[in-house]
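Peer 1: Structure provided below as C-alpha cells; questions to follow.
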Amino acid sequence: MIEIRSLNDYENAITSNDAMVIMFSSDSCRDCLYAHHFMQHVEALFKEVTFYQVKREVMPQLSIDLNIYGIPSFIVYINGVVKDTWINKERKHFDEIVRFLKKAFMERT
C-alpha cells in the first residue's frame, strides 16, 4: 500500500489511477492493525488496482472532508470518481474485504 501523506498526494492518486482503493486507518486502531496483516494478500488478488492508505492522524482534515468517521474504512475510485464506500468502525475480515472489492469492481462500467 502506498501511503498518502498530503492533499497533493491524494489529488495525484485519484487523477492518475484507473482503479484504486484507499484504506483509512490509524496506528492506534486495533481493528486497522488486524486488517493490515492480510492486506498484501488482498492486493495480490486485485493486481490491476492501486492500493493506498491514509492514516487518520496524519490527514485528519481529509478524513473529515470525506466523512470518514469510523476506521478501518475503504473508498473505491474508478477513473477519479467514487464508485463505492465501506465506512464504519467495525472490524473487517479478509473475506469481507474481498467480497466488497469484487462487488465494487464487478459493477465497473
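Following the order of the C-alpha cells, first chain is A, next is B, and so on, with residues numbered from 1 inside each chain and ligands from 1 in the order they appear.
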I need the residues in stretch 25-87 of chain A that are alpha helix (DSSP H) according to DSSP; give them as a list in words.

Peer 2: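 Answer for stretch 25-87 of chain A restricted to alpha helix (DSSP H) is Arg30, Asp31, Cys32, Leu33, Tyr34, Ala35, His36, Met39, Gln40, His41, Val42, Glu43, Ala44, Leu45, Pro60, Gln61, Leu62, Ser63, Ile64 and Asp65 of chain A.
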
Peer 1: Keeping C-alpha atoms for every residue in the selection just given, could you write it to a file as a compact mmCIF listing (two decimals), in the first residue's frame?

Peer 2:
# COMPACT_ATOMS: atom_id res chain seq x y z
CA ARG A 30 -6.59 -2.44 16.73
CA ASP A 31 -9.06 -3.36 14.00
CA CYS A 32 -6.93 -1.46 11.47
CA LEU A 33 -3.81 -3.33 12.54
CA TYR A 34 -5.74 -6.59 12.23
CA ALA A 35 -6.68 -5.76 8.60
CA HIS A 36 -3.13 -4.67 7.74
CA MET A 39 -3.99 -6.54 3.07
CA GLN A 40 -0.99 -7.67 0.98
CA HIS A 41 -3.00 -10.80 0.15
CA VAL A 42 -5.99 -8.67 -0.83
CA GLU A 43 -3.73 -6.57 -3.05
CA ALA A 44 -2.41 -9.72 -4.72
CA LEU A 45 -5.97 -10.67 -5.72
CA PRO A 60 -7.43 14.40 9.81
CA GLN A 61 -8.99 17.06 7.58
CA LEU A 62 -9.20 14.75 4.56
CA SER A 63 -10.92 12.16 6.73
CA ILE A 64 -13.44 14.77 7.86
CA ASP A 65 -13.96 16.10 4.32

Peer 1: Go through stretch 8-85 of chain A and collect every residue that DSSP, computed from the backbone, puts in strand (DSSP E or B); the answer should be as number ranges by chain.

Peer 2: A: 19-25, 50-55, 73-78, 81-85

Peer 1: For A:Glu48, which residue among A:Val21, A:Ala13, A:Cys29, A:Leu66 is the nearest when counting only C-alpha atoms?

Peer 2: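 Closest to A:Glu48 of all the choices is A:Val21.
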
Peer 1: What gap, in Å, lies between atom CA of A:Ser6 and atom CA of A:Ser25?

Peer 2: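 Distance between the two atoms: 15.0 Å.
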
Peer 1: For A:Met23, work out the shell of residues within 12 Å, counting only C-alpha atoms and skipping chain neighbours fewer than 4 positions away, then give it as a PyMOL selection string.

Peer 2: chain A and resi 1-4+32-33+35-36+39+42-43+50-56+63+68+70-77+85-88+92+97+101

Peer 1: Distance atom CA of A:Phe105-atom CA of A:Asp9, one decimal place?

Peer 2: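 Atom CA of A:Asp9 lies 23.1 Å from atom CA of A:Phe105.
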
Peer 1: Report, in Å with one decimal, the straight-line distance from atom CA of A:Met59 to atom CA of A:Arg99.

Peer 2: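 Going from atom CA of A:Met59 over to atom CA of A:Arg99, I get 27.4 Å.
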
Peer 1: Need the shell around A:Ile14: protein/DNA/RNA residues with any atom at most 9 Å away, counting only C-alpha atoms. Skip same-chain ones fewer than 5 positions apart. Format as an MDAnalysis selection string?

Peer 2: chainID A and resid 9 19:20 77:81

Peer 1: My list of candidates is A:Phe38, A:Phe100, A:Phe24, A:Tyr10. Which is closest to A:Asp84 when distances are computed with only C-alpha atoms?

Peer 2: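 Smallest separation from A:Asp84 among the options: A:Phe100.
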